[in-house]
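Dumped target-v1.cif below, it's mmCIF, C-alpha atoms and all ligand atoms:
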data_start
loop_
_atom_site.label_atom_id
_atom_site.label_comp_id
_atom_site.auth_asym_id
_atom_site.auth_seq_id
_atom_site.Cartn_x
_atom_site.Cartn_y
_atom_site.Cartn_z
CA MET A 1 10.26 10.37 22.93
CA ASN A 2 8.53 13.72 23.04
CA GLU A 3 6.22 13.35 20.02
CA VAL A 4 2.69 14.44 20.75
CA PHE A 5 0.42 11.41 20.48
CA VAL A 6 -2.12 12.35 17.86
CA LYS A 7 -5.53 10.69 18.12
CA ASP A 8 -6.01 8.12 15.35
CA VAL A 9 -2.28 7.97 14.67
CA LEU A 10 -1.51 4.61 16.27
CA VAL A 11 2.06 4.30 15.04
CA GLN A 12 4.70 6.98 14.54
CA VAL A 13 7.79 5.77 12.72
CA CYS A 14 10.48 8.39 13.27
CA GLU A 15 13.71 8.81 11.31
CA LEU A 16 14.75 5.16 11.04
CA ARG A 17 18.34 4.78 9.79
CA ARG A 18 20.23 1.60 9.09
CA THR A 19 23.29 0.62 7.11
CA PHE A 20 24.48 -2.83 6.04
CA GLY A 21 28.23 -2.61 5.65
CA LYS A 22 28.76 0.59 3.69
CA LYS A 23 25.29 0.54 2.19
CA ARG A 24 22.76 2.93 3.72
CA VAL A 25 19.45 1.13 3.37
CA LEU A 26 17.28 3.35 5.60
CA ASP A 27 18.05 7.06 5.51
CA GLY A 28 15.54 8.59 7.90
CA VAL A 29 12.29 6.72 7.20
CA SER A 30 9.30 8.39 8.86
CA VAL A 31 5.66 7.46 8.41
CA ASP A 32 2.45 7.47 10.47
CA LEU A 33 -0.12 4.68 10.61
CA ARG A 34 -3.68 5.65 11.41
CA ALA A 35 -6.56 3.75 12.93
CA GLY A 36 -9.08 2.76 10.28
CA CYS A 37 -6.61 3.17 7.44
CA VAL A 38 -4.87 0.60 5.25
CA THR A 39 -1.50 2.15 4.45
CA GLY A 40 0.43 0.72 1.52
CA PHE A 41 4.18 0.83 1.78
CA VAL A 42 5.45 0.85 -1.80
CA GLY A 43 8.98 0.68 -3.16
CA SER A 44 10.98 -1.19 -5.74
CA ASN A 45 12.78 -4.45 -4.87
CA GLY A 46 15.47 -3.72 -2.35
CA ALA A 47 14.06 -0.27 -1.45
CA GLY A 48 14.09 -1.20 2.24
CA LYS A 49 10.46 -2.10 3.01
CA THR A 50 11.19 -5.30 4.91
CA THR A 51 14.12 -3.65 6.69
CA THR A 52 11.82 -0.82 7.81
CA ILE A 53 9.18 -3.24 9.07
CA ARG A 54 11.76 -5.30 10.98
CA ALA A 55 13.20 -2.13 12.53
CA MET A 56 9.69 -0.93 13.46
CA LEU A 57 9.09 -4.20 15.29
CA GLY A 58 12.43 -4.16 17.09
CA LEU A 59 13.56 -7.26 15.17
CA LEU A 60 16.53 -5.35 13.76
CA PRO A 61 18.60 -2.69 15.51
CA ALA A 62 18.31 0.72 13.82
CA GLU A 63 18.69 4.39 14.69
CA GLY A 64 15.46 6.31 15.23
CA HIS A 65 12.39 5.00 16.97
CA THR A 66 8.84 3.80 16.51
CA LEU A 67 6.05 4.70 18.90
CA TYR A 68 2.93 2.57 19.27
CA LEU A 69 0.07 4.58 20.79
CA GLY A 70 2.69 7.03 21.98
CA ARG A 71 5.14 4.56 23.53
CA PRO A 72 7.93 2.29 22.33
CA LEU A 73 6.79 -1.29 21.84
CA THR A 74 9.04 -2.46 24.67
CA ALA A 75 7.11 -0.25 27.09
CA TRP A 76 3.91 -2.25 26.55
CA ARG A 77 3.30 -5.17 28.89
CA ALA A 78 1.62 -7.27 26.16
CA PRO A 79 3.12 -6.14 22.81
CA SER A 80 1.19 -8.82 20.92
CA ARG A 81 -1.99 -6.91 21.82
CA ILE A 82 -0.50 -3.81 20.25
CA VAL A 83 0.94 -5.09 16.98
CA GLY A 84 0.87 -8.32 14.99
CA ALA A 85 2.98 -8.95 11.90
CA ALA A 86 3.37 -11.56 9.18
CA PHE A 87 6.21 -11.89 6.70
CA GLY A 88 4.57 -13.97 3.97
CA GLY A 89 3.66 -17.49 4.94
CA VAL A 90 3.97 -19.23 8.23
CA ALA A 91 6.87 -20.47 10.33
CA GLY A 92 6.03 -23.68 12.17
CA HIS A 93 6.70 -27.40 12.22
CA PRO A 94 5.76 -28.71 8.76
CA LYS A 95 4.01 -31.75 10.30
CA HIS A 96 1.77 -29.67 12.57
CA ARG A 97 -1.80 -29.23 11.49
CA VAL A 98 -3.20 -25.73 11.02
CA ARG A 99 -5.63 -25.79 13.97
CA HIS A 100 -3.04 -27.27 16.33
CA HIS A 101 -0.44 -24.72 15.18
CA LEU A 102 -2.81 -21.82 15.88
CA HIS A 103 -3.80 -23.27 19.27
CA MET A 104 -0.10 -23.29 20.21
CA ILE A 105 0.27 -19.68 19.07
CA ALA A 106 -2.87 -18.81 21.09
CA ALA A 107 -1.43 -20.49 24.20
CA GLY A 108 1.82 -18.55 23.77
CA ALA A 109 -0.13 -15.29 23.55
CA GLY A 110 -2.29 -16.19 26.56
CA VAL A 111 -5.56 -16.25 24.64
CA PRO A 112 -8.11 -19.10 24.57
CA ASP A 113 -8.23 -21.73 21.82
CA ARG A 114 -11.57 -20.34 20.69
CA ARG A 115 -9.81 -17.19 19.46
CA ALA A 116 -7.75 -19.40 17.11
CA ASP A 117 -10.93 -21.15 15.94
CA GLU A 118 -12.64 -17.80 15.39
CA LEU A 119 -9.67 -16.65 13.27
CA LEU A 120 -9.74 -19.86 11.24
CA ASP A 121 -13.24 -18.87 10.21
CA GLN A 122 -12.32 -15.22 9.62
CA VAL A 123 -9.43 -16.03 7.31
CA GLY A 124 -11.52 -18.64 5.48
CA LEU A 125 -9.49 -21.66 6.60
CA ARG A 126 -12.09 -23.71 8.44
CA GLU A 127 -11.96 -26.40 5.74
CA ALA A 128 -8.15 -26.44 5.83
CA ALA A 129 -7.86 -26.63 9.63
CA GLY A 130 -6.83 -30.29 9.53
CA LEU A 131 -4.11 -29.87 6.88
CA ARG A 132 -0.45 -30.11 7.77
CA LEU A 133 1.51 -26.85 7.36
CA SER A 134 3.63 -28.58 4.70
CA ALA A 135 0.51 -29.19 2.59
CA LEU A 136 -0.59 -25.56 2.41
CA SER A 137 -0.65 -23.55 -0.81
CA LEU A 138 1.07 -20.17 -0.80
CA GLY A 139 -2.29 -18.40 -0.37
CA MET A 140 -3.26 -20.66 2.54
CA SER A 141 0.11 -20.09 4.26
CA GLN A 142 -0.42 -16.35 3.92
CA ARG A 143 -3.80 -16.72 5.63
CA VAL A 144 -2.37 -18.79 8.48
CA GLY A 145 0.38 -16.18 8.92
CA THR A 146 -2.28 -13.45 9.05
CA ALA A 147 -4.35 -15.40 11.59
CA GLN A 148 -1.21 -15.87 13.68
CA ALA A 149 -0.51 -12.12 13.58
CA LEU A 150 -4.07 -11.38 14.72
CA ILE A 151 -4.22 -13.92 17.51
CA ALA A 152 -4.08 -11.38 20.36
CA SER A 153 -6.42 -8.92 18.57
CA PRO A 154 -3.72 -6.25 18.07
CA ARG A 155 -4.51 -2.59 17.34
CA VAL A 156 -1.99 -2.61 14.48
CA LEU A 157 -1.49 -5.25 11.77
CA ILE A 158 1.61 -5.30 9.56
CA LEU A 159 1.78 -7.64 6.55
CA ASP A 160 4.92 -7.78 4.41
CA GLU A 161 4.02 -8.48 0.75
CA PRO A 162 0.65 -10.09 1.62
CA ALA A 163 -0.55 -10.23 -2.00
CA ASN A 164 2.62 -11.86 -3.29
CA GLY A 165 1.66 -14.85 -5.45
CA LEU A 166 -2.08 -14.56 -4.80
CA ASP A 167 -4.59 -15.08 -7.60
CA PRO A 168 -7.12 -12.27 -8.30
CA HIS A 169 -9.81 -14.05 -6.28
CA ALA A 170 -7.51 -14.23 -3.23
CA VAL A 171 -6.48 -10.57 -3.66
CA ARG A 172 -10.13 -9.60 -3.61
CA TRP A 173 -10.65 -11.65 -0.45
CA LEU A 174 -7.61 -9.93 1.13
CA ARG A 175 -9.00 -6.50 0.23
CA ASP A 176 -12.34 -7.22 1.90
CA PHE A 177 -10.61 -8.76 4.91
CA LEU A 178 -8.32 -5.75 5.45
CA ARG A 179 -11.22 -3.36 4.90
CA THR A 180 -13.24 -5.06 7.64
CA LEU A 181 -10.29 -4.90 10.04
CA ALA A 182 -9.63 -1.24 9.27
CA ASP A 183 -13.31 -0.38 9.63
CA ALA A 184 -13.15 -1.88 13.13
CA GLY A 185 -10.37 0.61 13.95
CA THR A 186 -7.19 -1.35 13.23
CA ALA A 187 -4.24 0.46 11.66
CA VAL A 188 -2.99 -1.73 8.81
CA LEU A 189 0.36 -1.54 7.00
CA ILE A 190 0.98 -3.67 3.93
CA SER A 191 4.04 -3.60 1.70
CA SER A 192 4.36 -4.28 -2.00
CA HIS A 193 6.54 -3.37 -4.94
CA LEU A 194 3.42 -3.22 -7.13
CA LEU A 195 1.44 -0.03 -7.01
CA ALA A 196 -1.40 -1.53 -9.03
CA GLU A 197 -1.83 -4.07 -6.23
CA MET A 198 -2.02 -1.20 -3.74
CA GLN A 199 -4.72 0.47 -5.80
CA GLN A 200 -6.95 -2.45 -4.84
CA LEU A 201 -5.85 -2.81 -1.22
CA ALA A 202 -4.75 0.50 0.31
CA ASP A 203 -6.43 3.79 1.26
CA ARG A 204 -3.13 5.60 1.46
CA VAL A 205 0.35 4.99 0.07
CA ALA A 206 3.81 5.86 1.34
CA VAL A 207 6.45 5.60 -1.37
CA LEU A 208 9.90 4.47 -0.26
CA SER A 209 12.85 5.38 -2.46
CA GLN A 210 16.55 5.43 -1.64
CA GLY A 211 15.93 4.84 2.03
CA LYS A 212 13.38 7.63 2.50
CA VAL A 213 9.63 8.07 2.26
CA VAL A 214 9.54 10.42 -0.73
CA ALA A 215 5.78 10.72 -1.12
CA GLU A 216 2.71 10.05 0.97
CA ALA A 217 -0.72 10.36 -0.51
CA ASP A 218 -4.27 9.16 -0.32
CA MET A 219 -4.82 6.61 -3.08
CA SER A 220 -7.54 8.86 -4.49
CA ASP A 221 -5.03 11.73 -4.82
CA LEU A 222 -2.55 9.45 -6.56
CA LEU A 223 -5.24 8.40 -9.03
CA ALA A 224 -6.13 12.07 -9.56
CA TYR A 225 -2.43 12.79 -10.18
CA ALA A 226 -2.39 10.08 -12.85
CA ASP A 227 -5.52 11.71 -14.34
CA ARG A 228 -3.83 15.10 -14.47
CA GLN A 229 -0.89 13.60 -16.37
CA SER A 230 -3.07 11.99 -19.00
CA VAL A 231 -3.05 13.43 -22.53
CA VAL A 232 -6.20 13.50 -24.66
CA GLN A 233 -5.49 13.42 -28.40
CA ILE A 234 -8.09 14.86 -30.75
CA GLN A 235 -8.62 15.35 -34.46
CA TYR A 236 -11.14 17.91 -35.70
CA ALA A 237 -12.12 19.99 -38.73
CA SER A 238 -9.37 22.61 -39.13
CA ASP A 239 -12.09 25.35 -39.30
CA ASP A 240 -12.91 24.57 -35.67
CA ALA A 241 -9.39 25.36 -34.39
CA PRO A 242 -10.31 28.89 -33.12
CA THR A 243 -13.45 27.57 -31.38
CA LEU A 244 -11.39 24.91 -29.60
CA ALA A 245 -8.70 27.44 -28.60
CA GLY A 246 -11.45 29.64 -27.08
CA LEU A 247 -12.90 26.65 -25.24
CA ALA A 248 -9.47 25.81 -23.79
CA ARG A 249 -9.10 29.41 -22.51
CA ARG A 250 -12.55 29.45 -20.91
CA GLN A 251 -12.30 25.99 -19.35
CA GLY A 252 -8.65 26.32 -18.27
CA PHE A 253 -7.21 23.28 -20.03
CA ALA A 254 -4.03 23.23 -22.14
CA LEU A 255 -4.28 22.68 -25.89
CA ARG A 256 -1.14 22.07 -27.92
CA ARG A 257 -1.59 21.90 -31.70
CA THR A 258 0.26 18.94 -33.19
CA GLY A 259 -0.93 19.49 -36.79
CA PRO A 260 -3.46 21.56 -38.79
CA ASP A 261 -6.35 19.49 -37.41
CA THR A 262 -4.87 17.63 -34.43
CA ALA A 263 -4.01 18.59 -30.85
CA ASP A 264 -2.85 17.17 -27.53
CA ILE A 265 -4.90 18.30 -24.55
CA THR A 266 -4.09 18.10 -20.86
CA GLY A 267 -6.01 19.19 -17.79
CA ILE A 268 -9.42 17.82 -18.73
CA SER A 269 -10.87 14.33 -18.92
CA ARG A 270 -11.76 12.77 -22.25
CA GLU A 271 -15.40 12.45 -21.18
CA LYS A 272 -15.74 16.11 -20.18
CA LEU A 273 -14.05 17.29 -23.36
CA ALA A 274 -16.36 15.15 -25.49
CA ARG A 275 -19.43 16.63 -23.75
CA LEU A 276 -18.21 20.23 -24.18
CA CYS A 277 -17.48 19.66 -27.88
CA LEU A 278 -20.93 18.15 -28.32
CA ASP A 279 -22.53 21.22 -26.67
CA LEU A 280 -20.57 23.50 -29.04
CA ARG A 281 -21.42 21.27 -32.01
CA VAL A 282 -17.73 20.77 -32.76
CA PRO A 283 -17.38 17.29 -34.28
CA LEU A 284 -14.34 15.27 -33.21
CA PHE A 285 -13.05 12.71 -35.72
CA GLN A 286 -10.72 11.14 -33.23
CA LEU A 287 -10.66 11.19 -29.42
CA SER A 288 -8.19 9.02 -27.54
CA GLU A 289 -6.49 9.18 -24.19
CA ASN A 290 -2.93 8.35 -23.25
CA ARG A 291 -3.07 7.85 -19.48
CA PRO A 292 0.07 6.94 -17.56
CA SER A 293 -0.20 3.74 -15.60
CA LEU A 294 -0.13 3.99 -11.82
CA GLU A 295 3.33 2.46 -12.02
CA ASP A 296 4.47 5.33 -14.26
CA SER A 297 2.95 7.88 -11.88
CA TYR A 298 4.67 6.22 -8.98
CA LEU A 299 8.00 6.17 -10.81
CA THR A 300 7.60 9.86 -11.63
CA ILE A 301 6.81 10.57 -8.01
CA ALA A 302 9.72 8.53 -6.70
CA HIS A 303 12.04 10.05 -9.28
CA GLU A 304 11.09 13.68 -8.77
CA GLU A 305 10.55 13.27 -5.04
CA PHE A 306 7.28 14.97 -5.76
CA LYS A 307 5.21 15.63 -2.64
CA ILE A 308 1.51 15.27 -3.25
CA THR A 309 0.48 16.35 0.26
N1 LIG A 401 20.81 -8.73 6.79
C1 LIG A 401 21.22 -8.04 5.73
N2 LIG A 401 22.52 -7.95 5.40
C2 LIG A 401 22.95 -7.24 4.35
N3 LIG A 401 22.12 -6.58 3.52
C3 LIG A 401 20.81 -6.63 3.77
C4 LIG A 401 20.28 -7.37 4.88
N4 LIG A 401 18.93 -7.23 4.89
C5 LIG A 401 18.63 -6.45 3.82
N5 LIG A 401 19.75 -6.09 3.15
C6 LIG A 401 19.81 -5.24 1.96
O1 LIG A 401 19.05 -4.08 2.21
C7 LIG A 401 18.35 -3.68 1.04
C8 LIG A 401 16.88 -3.55 1.35
O2 LIG A 401 16.34 -4.85 1.57
P1 LIG A 401 14.80 -5.07 1.94
O3 LIG A 401 14.59 -6.54 2.05
O4 LIG A 401 14.45 -4.23 3.10
O5 LIG A 401 14.09 -4.49 0.64
P2 LIG A 401 12.57 -4.59 0.20
O6 LIG A 401 12.14 -3.21 -0.15
O7 LIG A 401 11.78 -5.31 1.23
O8 LIG A 401 12.70 -5.44 -1.13
P3 LIG A 401 11.80 -6.61 -1.77
O9 LIG A 401 10.61 -5.95 -2.40
O10 LIG A 401 12.72 -7.18 -2.79
O11 LIG A 401 11.47 -7.56 -0.65
C9 LIG A 401 18.67 -4.70 -0.04
O12 LIG A 401 19.72 -4.18 -0.84
C10 LIG A 401 19.14 -5.90 0.76
O13 LIG A 401 20.08 -6.65 0.01
#
Would it be possible to restate this file's structure as structure tokens?
Ligand SMILES: Nc1ncnc2c1ncn2[C@@H]1O[C@H](COP(=O)(O)OP(=O)(O)OP(=O)(O)O)[C@@H](O)[C@H]1O
Amino acid sequence: MNEVFVKDVLVQVCELRRTFGKKRVLDGVSVDLRAGCVTGFVGSNGAGKTTTIRAMLGLLPAEGHTLYLGRPLTAWRAPSRIVGAAFGGVAGHPKHRVRHHLHMIAAGAGVPDRRADELLDQVGLREAAGLRLSALSLGMSQRVGTAQALIASPRVLILDEPANGLDPHAVRWLRDFLRTLADAGTAVLISSHLLAEMQQLADRVAVLSQGKVVAEADMSDLLAYADRQSVVQIQYASDDAPTLAGLARRQGFALRRTGPDTADITGISREKLARLCLDLRVPLFQLSENRPSLEDSYLTIAHEEFKIT
């Protein structure tokens, strides 16, 4: 355990390895979680996200180690003050009511009932406090699970597939909720197999593929990567071809003729190209953009093991 504890890096996941039978599910997973940052852990179904999270929490034996503020979780006297986790929904007696359930969790963590009541408000469940656990919708169960994870005010929050099954309104609520926690200095890790979901929720993504983190990037860099891959298609008067070729040379974008009066352009946004053509008085008869979806960018990244940073 000789990693240097870097300020703001609250969790260092180092070289986790795990096999099930002959299948290697984790093949050296390493990732850092930072204070103030919502990190999205992305990978296709079966990529090993839940296995990684369970290994990080010591719920599953694995090679490698995970340090929380520089130490293994077992070295902390009150681990629930270091990390809280939820795995989609809530485990409890179906007949227990939400408030009572959270009071029991609070008692187990050695915190007062009022912390549970405070969390009921924070996760927007005040109205549902009297409902039995069996009566909760999926979204409500997710919120109770999140409240449970936060009961001891941990420095790190880990949510496995928190947006699974949520409607757009609930996803927006989750985004604001995670943002507030991160702004208060919490390191947040959320997993999903949907990158588009992460675009709304995460500041940074770590892409898991074949048991390894193959790419880590700020969400803004990933979006910029998708921008760079987009192709702008134009149609123009064939007389203007030399003017456009000169513009491409000067501005440093790539122009590939696809016909006497059509071209595919990469390396410049549609808006910027339109403005430049207007300045040069080059009329465009068609201007469209073929932009890869974030999912496509992610698949390209995972496939090519392309490192953005
Ligand atoms: N206890 C286990 N015994 C055998 N195989 C397991 C066990 N737990 C997980 N696996 C296998 O490990 C692989 C990774 O599973 P894991 O649940 O970590 O994936 P995931 O990325 O979380 O997927 P999903 O998005 O579908 O939840 C899968 O092939 C799964 O079948």
List every residue of chain A that has an atom at most 7 Å from any atom of ligand LIG 401 (chain A), and for each one report the closest atom pair and its distance in Å to one decimal, counting only C-alpha atoms and all ligand atoms, with rows sorted by chain and then by increasing residue number, as JSON lines.
{"residue": "A:Phe20", "atom": "CA", "partner": "A:LIG401", "partner_atom": "C2", "distance": 5.0}
{"residue": "A:Val25", "atom": "CA", "partner": "A:LIG401", "partner_atom": "O1", "distance": 5.4}
{"residue": "A:Gly43", "atom": "CA", "partner": "A:LIG401", "partner_atom": "O6", "distance": 5.8}
{"residue": "A:Ser44", "atom": "CA", "partner": "A:LIG401", "partner_atom": "O9", "distance": 5.8}
{"residue": "A:Asn45", "atom": "CA", "partner": "A:LIG401", "partner_atom": "O10", "distance": 3.4}
{"residue": "A:Gly46", "atom": "CA", "partner": "A:LIG401", "partner_atom": "O5", "distance": 3.4}
{"residue": "A:Ala47", "atom": "CA", "partner": "A:LIG401", "partner_atom": "O6", "distance": 3.7}
{"residue": "A:Gly48", "atom": "CA", "partner": "A:LIG401", "partner_atom": "O4", "distance": 3.2}
{"residue": "A:Lys49", "atom": "CA", "partner": "A:LIG401", "partner_atom": "O6", "distance": 3.7}
{"residue": "A:Thr50", "atom": "CA", "partner": "A:LIG401", "partner_atom": "O7", "distance": 3.7}
{"residue": "A:Thr51", "atom": "CA", "partner": "A:LIG401", "partner_atom": "O4", "distance": 3.7}
{"residue": "A:Thr52", "atom": "CA", "partner": "A:LIG401", "partner_atom": "O4", "distance": 6.4}
{"residue": "A:Ser192", "atom": "CA", "partner": "A:LIG401", "partner_atom": "O9", "distance": 6.5}
{"residue": "A:His193", "atom": "CA", "partner": "A:LIG401", "partner_atom": "O9", "distance": 5.4}
Exercise. When you draw a straight line from CA of Leu59 (chain A) to CA of Val205 (chain A), how long is it in Å?
Worked result: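 Computing it gives 23.5 Å between the two atoms.
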Exercise. Near Ala237 (chain A), within 12 Å and counting only C-alpha atoms, which residues show up once chain neighbours fewer than 3 positions away are dropped, as number ranges by chain?
Worked result: A: 234, 240-244, 259-263, 281-286
Exercise. With distances taken over all atoms listed in the file, which of A:Arg275, A:Pro162, A:Val42, A:Val9 is nearest to Gln199 (chain A)?
Worked result: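 Counting all atoms listed in the file, the residue closest to Gln199 (chain A) is A:Val42.
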Give me the residues of region 14-76 of chain A that have any atom at most 9 Å from an atom of region 152-160 of chain A; for each, the nearest atom pair and the distance in Å, rounded to one decimal. Use all atoms listed in the file, sort by chain and number, and format it as JSON lines.
{"residue": "A:Leu33", "atom": "CA", "partner": "A:Val156", "partner_atom": "CA", "distance": 8.5}
{"residue": "A:Arg34", "atom": "CA", "partner": "A:Val156", "partner_atom": "CA", "distance": 9.0}
{"residue": "A:Ala35", "atom": "CA", "partner": "A:Val156", "partner_atom": "CA", "distance": 8.0}
{"residue": "A:Lys49", "atom": "CA", "partner": "A:Asp160", "partner_atom": "CA", "distance": 8.1}
{"residue": "A:Thr50", "atom": "CA", "partner": "A:Asp160", "partner_atom": "CA", "distance": 6.8}
{"residue": "A:Ile53", "atom": "CA", "partner": "A:Asp160", "partner_atom": "CA", "distance": 7.8}
{"residue": "A:Tyr68", "atom": "CA", "partner": "A:Val156", "partner_atom": "CA", "distance": 8.6}
